[in-house]
Amino acid sequence: MTHRTLLAPARACLFTAALLAVATAPAKGPQDAKKDTPDKGTAAEPDERYRREAERVVGGIEVQVLGDDKWAEVERIEKPLLYYGDATRENDRGSVWGWGRTGRPVAVMELYQNTAYRTRWVYAICNTSGKKLRARRGGEPWWGENDSASELKDVPAAPAPPTDPAQRQRQLKLLAQKFTGHQFWDPDNSRYELRRLDRPLHTYRDEAGGVLDGSLYTLANGTNPEILLFVEARADPESGGKAVWRYAVGRLAHAELHMEYDGKEVFNAPRGNRVSGRDKPYWLGFINTAPDPGPEK
């Protein structure tokens, strides 16, 4: 009895300790182990690969502008103005690029892929210079000479731009908020409301060219840029040296486009198939390219 009496508490203690060990041990099967130890970098690597590939495609394009009867090459803005995707239209890997480091970009281009065609890039390029442009790709003629369709117009009933830069920027943003837009597109020529992305894609100045302050906004389907909107405080010979607010419009969409200011239509454009072309200020096309194999091993 004494032996049994002494062993019973010991066995009870061992049993209790075993239960506590089982209860406090992490319950982890093979799937849980994988969740707790993610493969670092795998989510970012595909993004980086397609962004490198897009930059290679854009890097082969040389844009030239005609000024004073001479063609001059325009430097590309180094970084893309926007990355985007549009699941509603089965497009992704989108990026927006601009040419012209001083003043308003003379050309803006979007590049994206359809999710069903991974070896083909779709591009839409627009002459936003107000002048004549052309471009080469890979050293060969690519985009033919074309006259810009982006025309500067006065912002209706806008007050004079402030002389203080900070106040001018605030007023510019307020004016941009008054622009709205919509488009008609497939299926069934349906109407889609566009939203203005709050942050400008690009800001610029060129006092020698009469631009005190300028911003490039986009009216988008989600984040997919459809209409390009330039809003500028200008003091140039066209306004007699007096500072005024002006705007210009470009397109990156093949849809029928409409834009309003303060509820009144100020811009419209037909479907892109009616105006797109190699020698036109708006051109949509395709570039076939092999997938990026990624970094060498």
# chains A, B, ... in the order shown; residues from 1 in each chain; ligands from 1

$ residues_around --residues "Leu229 (chain A)" --least-positions-apart "2" --cutoff "9 Å" --atoms "only C-alpha atoms" --output "PyMOL selection string"
chain A and resi 176+179+215-219+227+231+247-251

$ select_by_dssp --residues "region 69-264 of chain A" --states "alpha helix (DSSP H)" --output "list of chain:residue names"
A:Pro165, A:Ala166, A:Gln167, A:Arg168, A:Gln169, A:Arg170, A:Gln171, A:Leu172, A:Lys173, A:Leu174, A:Leu175, A:Ala176

$ atom_distance --atom1 "CA of Val96 (chain A)" --atom2 "CA of His182 (chain A)"
20.2 Å

$ residues_around --residues "His254 (chain A)" --least-positions-apart "4" --cutoff "8 Å" --atoms "only C-alpha atoms" --output "PyMOL selection string"
chain A and resi 271-273+284

$ write_last_selection --atoms "N, CA and C atoms" --output "PDB file, in the first residue's frame"
ATOM      1  N   ARG A 271     -14.595  56.940 -81.256  1.00  0.00           N
ATOM      2  CA  ARG A 271     -13.829  55.723 -80.991  1.00  0.00           C
ATOM      3  C   ARG A 271     -12.486  55.771 -81.716  1.00  0.00           C
ATOM      4  N   GLY A 272     -11.501  55.161 -81.057  1.00  0.00           N
ATOM      5  CA  GLY A 272     -10.142  55.254 -81.571  1.00  0.00           C
ATOM      6  C   GLY A 272      -9.930  54.645 -82.937  1.00  0.00           C
ATOM      7  N   ASN A 273     -10.744  53.628 -83.314  1.00  0.00           N
ATOM      8  CA  ASN A 273     -10.549  53.008 -84.620  1.00  0.00           C
ATOM      9  C   ASN A 273     -10.803  53.989 -85.761  1.00  0.00           C
ATOM     10  N   LEU A 284      -2.765  53.340 -81.635  1.00  0.00           N
ATOM     11  CA  LEU A 284      -2.794  52.119 -80.846  1.00  0.00           C
ATOM     12  C   LEU A 284      -2.260  50.980 -81.690  1.00  0.00           C
TER      13      LEU A 284
END

$ closest_residue --among "A:Gly130, A:Gly214, A:Gly285, A:Pro187" --to "Gln169 (chain A)" --atoms "only C-alpha atoms"
A:Gly214

$ closest_residue --among "A:Gln167, A:Thr203, A:Thr223, A:Asn146" --to "Asp279 (chain A)" --atoms "only C-alpha atoms"
A:Asn146
